[in-house]
Amino acid sequence: MNQREIAKMKMYPALNIFLTDPAAALIIANDNPFKAAVIEYGAKLLVVNNCAIPLSIDNTVYSQAKTDAKGLMADEAAALSGRALVALNKLNKTTEAGQLHIFASDYMHLSDPEAIALGQSAHDLLAGAAIFPFISPDYVTAQNLLDYQGLVTTYSGTQGTSAAVHAGTPEDLKNFKKAILAIDGTIADMFLLAASYKKEATSAFYSAFIAQSTIPAVHVSHTSMSLLVKRKTDSTIITGASASLSNSKKTGTSDASGIIILDQIRHGNPTLTIKANGLTDYSSLVHISSGQDNHFEIFM
């Protein structure tokens, strides 16, 4: 369960309270499709809550300060490395450029000791004789590196851990993510149905619905991707299909519902490849947004 999903689990019940309030019921009294969606939402909320129970979080030593410090270090490491990469590429110094980690997720997905080590390594690499003369002062300055070293030191010295410990099995996690997709689908339907309430007489209800269904802003260190794989000929689901991304070692196989979930992946525009017995391989560029729920319906 990532930080965005945790934020959703706080939003879902609040939205349900709003939708089942007598005042809301009065406004949608004659709107059968919306009322049906509210009932469906309540049922799916029960499923989500039940699926979340095995994934309860042990926050015994979790520290928000540690997580925040990690994020600041990761963002600055990525920013400075990205600037250095531009400079080194202009000089055709591919060997040096290949040592840089230009994505914040490269640091964020690691355990604290590993992230600290990589963060310090990024500083030492940029400050070293093999790179610094070619990036300073136009791309990265000595002061930039001094400030960045301070972020590494702060992160290293902050007490606690940035990783919450999750219980549950991989199957529990898959069931939870499927439940999230299902309830988000109902919310998407309600968004479309709610558009008719923008008119002046019911605009307050519409604005309140939008506010209640907005996911709180969170710092997301990982990105996830879900795929629904179907046959092009008849739209039936495909089980046992394998998926891979060109920028990740993560792989997945479609389950009995045709769903594949790839968690903790890098954002960007990688090539998605899906293979299934008896069908032509699927291969296409996909855009994966950082910190979003990236969902794709694939036809083979």
# chains A, B, ... in the order shown; residues from 1 in each chain; ligands from 1

call {"tool": "residues_around", "arguments": {"residues": "range 275-288 of chain A", "least_positions_apart": "2", "cutoff": "9 Å", "atoms": "only C-alpha atoms", "output": "PyMOL selection string"}}
result
chain A and resi 223-225+231+238-244+265-273+290+292-294+296+298-300

call {"tool": "closest_atom_pairs", "arguments": {"of": "range 24-125 of chain A", "to": "range 146-156 of chain A", "cutoff": "8 Å", "atoms": "only C-alpha atoms", "output": "JSON lines"}}
result
{"residue": "A:Lys66", "atom": "CA", "partner": "A:Tyr155", "partner_atom": "CA", "distance": 6.3}
{"residue": "A:Ala69", "atom": "CA", "partner": "A:Tyr155", "partner_atom": "CA", "distance": 4.9}
{"residue": "A:Lys70", "atom": "CA", "partner": "A:Tyr155", "partner_atom": "CA", "distance": 5.7}
{"residue": "A:Leu72", "atom": "CA", "partner": "A:Leu151", "partner_atom": "CA", "distance": 6.9}
{"residue": "A:Met73", "atom": "CA", "partner": "A:Leu151", "partner_atom": "CA", "distance": 5.3}
{"residue": "A:Glu76", "atom": "CA", "partner": "A:Tyr148", "partner_atom": "CA", "distance": 6.8}
{"residue": "A:Ala77", "atom": "CA", "partner": "A:Tyr148", "partner_atom": "CA", "distance": 7.4}
{"residue": "A:Ile116", "atom": "CA", "partner": "A:Ser156", "partner_atom": "CA", "distance": 6.3}
{"residue": "A:Gly119", "atom": "CA", "partner": "A:Val152", "partner_atom": "CA", "distance": 6.4}
{"residue": "A:Gln120", "atom": "CA", "partner": "A:Val152", "partner_atom": "CA", "distance": 6.6}
{"residue": "A:His123", "atom": "CA", "partner": "A:Gln149", "partner_atom": "CA", "distance": 6.8}

call {"tool": "closest_atom_pairs", "arguments": {"of": "range 32-111 of chain A", "to": "range 2-24 of chain A", "cutoff": "8 Å", "atoms": "only C-alpha atoms", "output": "Markdown table"}}
result
| residue | atom | partner | partner_atom | distance |
| --- | --- | --- | --- | --- |
| A:Val38 | CA | A:Leu19 | CA | 6.7 |
| A:Tyr41 | CA | A:Asn16 | CA | 7.7 |
| A:Gly42 | CA | A:Asn16 | CA | 6.7 |
| A:Leu45 | CA | A:Tyr12 | CA | 7.2 |

call {"tool": "closest_residue", "arguments": {"among": "A:Asn247, A:Ser81, A:Ser63, A:Asn32", "to": "Tyr139 in chain A", "atoms": "only C-alpha atoms"}}
result
A:Ser81

call {"tool": "decode", "arguments": {"residues": "range 156-195 of chain A", "atoms": "N, CA and C atoms", "output": "compact mmCIF listing (two decimals), in the first residue's frame"}}
result
# COMPACT_ATOMS: atom_id res chain seq x y z
N SER A 156 20.56 11.37 6.89
CA SER A 156 21.29 10.33 7.61
C SER A 156 21.09 10.44 9.12
N GLY A 157 21.03 11.68 9.62
CA GLY A 157 20.97 11.88 11.05
C GLY A 157 19.57 11.90 11.64
N THR A 158 18.55 11.89 10.79
CA THR A 158 17.17 11.91 11.30
C THR A 158 16.78 10.54 11.84
N GLN A 159 16.20 10.51 13.02
CA GLN A 159 15.85 9.25 13.66
C GLN A 159 14.66 8.58 12.99
N GLY A 160 14.57 7.26 13.15
CA GLY A 160 13.43 6.50 12.61
C GLY A 160 13.73 5.89 11.27
N THR A 161 12.66 5.44 10.61
CA THR A 161 12.79 4.84 9.29
C THR A 161 11.77 5.45 8.35
N SER A 162 12.10 5.49 7.06
CA SER A 162 11.18 6.05 6.07
C SER A 162 10.27 4.97 5.49
N ALA A 163 10.43 3.75 5.93
CA ALA A 163 9.65 2.64 5.37
C ALA A 163 8.66 2.11 6.39
N ALA A 164 7.38 2.21 6.05
CA ALA A 164 6.36 1.55 6.86
C ALA A 164 6.36 0.07 6.50
N VAL A 165 6.18 -0.79 7.49
CA VAL A 165 6.21 -2.22 7.25
C VAL A 165 4.80 -2.71 6.98
N HIS A 166 4.61 -3.39 5.85
CA HIS A 166 3.30 -3.88 5.47
C HIS A 166 3.20 -5.38 5.70
N ALA A 167 2.07 -5.78 6.25
CA ALA A 167 1.81 -7.20 6.40
C ALA A 167 1.10 -7.71 5.15
N GLY A 168 0.66 -8.97 5.19
CA GLY A 168 -0.09 -9.49 4.06
C GLY A 168 0.78 -10.17 3.02
N THR A 169 0.13 -10.95 2.17
CA THR A 169 0.81 -11.69 1.12
C THR A 169 0.72 -10.94 -0.20
N PRO A 170 1.51 -11.32 -1.21
CA PRO A 170 1.37 -10.70 -2.53
C PRO A 170 -0.06 -10.82 -3.07
N GLU A 171 -0.74 -11.91 -2.76
CA GLU A 171 -2.12 -12.07 -3.22
C GLU A 171 -3.04 -11.06 -2.52
N ASP A 172 -2.79 -10.82 -1.23
CA ASP A 172 -3.56 -9.81 -0.51
C ASP A 172 -3.38 -8.44 -1.16
N LEU A 173 -2.15 -8.11 -1.53
CA LEU A 173 -1.87 -6.83 -2.16
C LEU A 173 -2.56 -6.73 -3.51
N LYS A 174 -2.53 -7.81 -4.28
CA LYS A 174 -3.18 -7.80 -5.60
C LYS A 174 -4.69 -7.60 -5.44
N ASN A 175 -5.29 -8.28 -4.47
CA ASN A 175 -6.73 -8.14 -4.24
C ASN A 175 -7.08 -6.71 -3.83
N PHE A 176 -6.22 -6.11 -3.02
CA PHE A 176 -6.45 -4.73 -2.59
C PHE A 176 -6.40 -3.77 -3.78
N LYS A 177 -5.41 -3.95 -4.63
CA LYS A 177 -5.28 -3.06 -5.78
C LYS A 177 -6.44 -3.24 -6.76
N LYS A 178 -6.93 -4.45 -6.92
CA LYS A 178 -8.10 -4.67 -7.76
C LYS A 178 -9.33 -3.99 -7.18
N ALA A 179 -9.47 -4.04 -5.85
CA ALA A 179 -10.59 -3.38 -5.19
C ALA A 179 -10.50 -1.86 -5.35
N ILE A 180 -9.26 -1.34 -5.31
CA ILE A 180 -9.05 0.10 -5.53
C ILE A 180 -9.49 0.48 -6.93
N LEU A 181 -9.12 -0.32 -7.93
CA LEU A 181 -9.51 -0.04 -9.31
C LEU A 181 -11.03 -0.04 -9.45
N ALA A 182 -11.68 -0.99 -8.78
CA ALA A 182 -13.12 -1.11 -8.89
C ALA A 182 -13.83 0.10 -8.29
N ILE A 183 -13.43 0.51 -7.07
CA ILE A 183 -14.12 1.63 -6.44
C ILE A 183 -13.80 2.95 -7.15
N ASP A 184 -12.59 3.07 -7.68
CA ASP A 184 -12.24 4.27 -8.45
C ASP A 184 -13.08 4.35 -9.73
N GLY A 185 -13.42 3.19 -10.29
CA GLY A 185 -14.28 3.17 -11.47
C GLY A 185 -15.67 3.72 -11.15
N THR A 186 -16.19 3.38 -9.98
CA THR A 186 -17.49 3.90 -9.57
C THR A 186 -17.42 5.41 -9.32
N ILE A 187 -16.33 5.87 -8.73
CA ILE A 187 -16.16 7.31 -8.53
C ILE A 187 -16.12 8.03 -9.87
N ALA A 188 -15.44 7.43 -10.85
CA ALA A 188 -15.37 8.03 -12.19
C ALA A 188 -16.77 8.13 -12.80
N ASP A 189 -17.60 7.11 -12.58
CA ASP A 189 -18.99 7.16 -13.08
C ASP A 189 -19.75 8.30 -12.41
N MET A 190 -19.55 8.45 -11.10
CA MET A 190 -20.26 9.50 -10.38
C MET A 190 -19.81 10.89 -10.83
N PHE A 191 -18.54 11.02 -11.21
CA PHE A 191 -18.07 12.29 -11.76
C PHE A 191 -18.88 12.67 -12.99
N LEU A 192 -19.11 11.69 -13.86
CA LEU A 192 -19.87 11.96 -15.09
C LEU A 192 -21.33 12.28 -14.76
N LEU A 193 -21.91 11.53 -13.82
CA LEU A 193 -23.30 11.77 -13.45
C LEU A 193 -23.47 13.11 -12.74
N ALA A 194 -22.46 13.51 -11.99
CA ALA A 194 -22.56 14.74 -11.21
C ALA A 194 -22.50 16.00 -12.06
N ALA A 195 -22.06 15.87 -13.30
CA ALA A 195 -21.94 17.05 -14.16
C ALA A 195 -23.27 17.78 -14.32
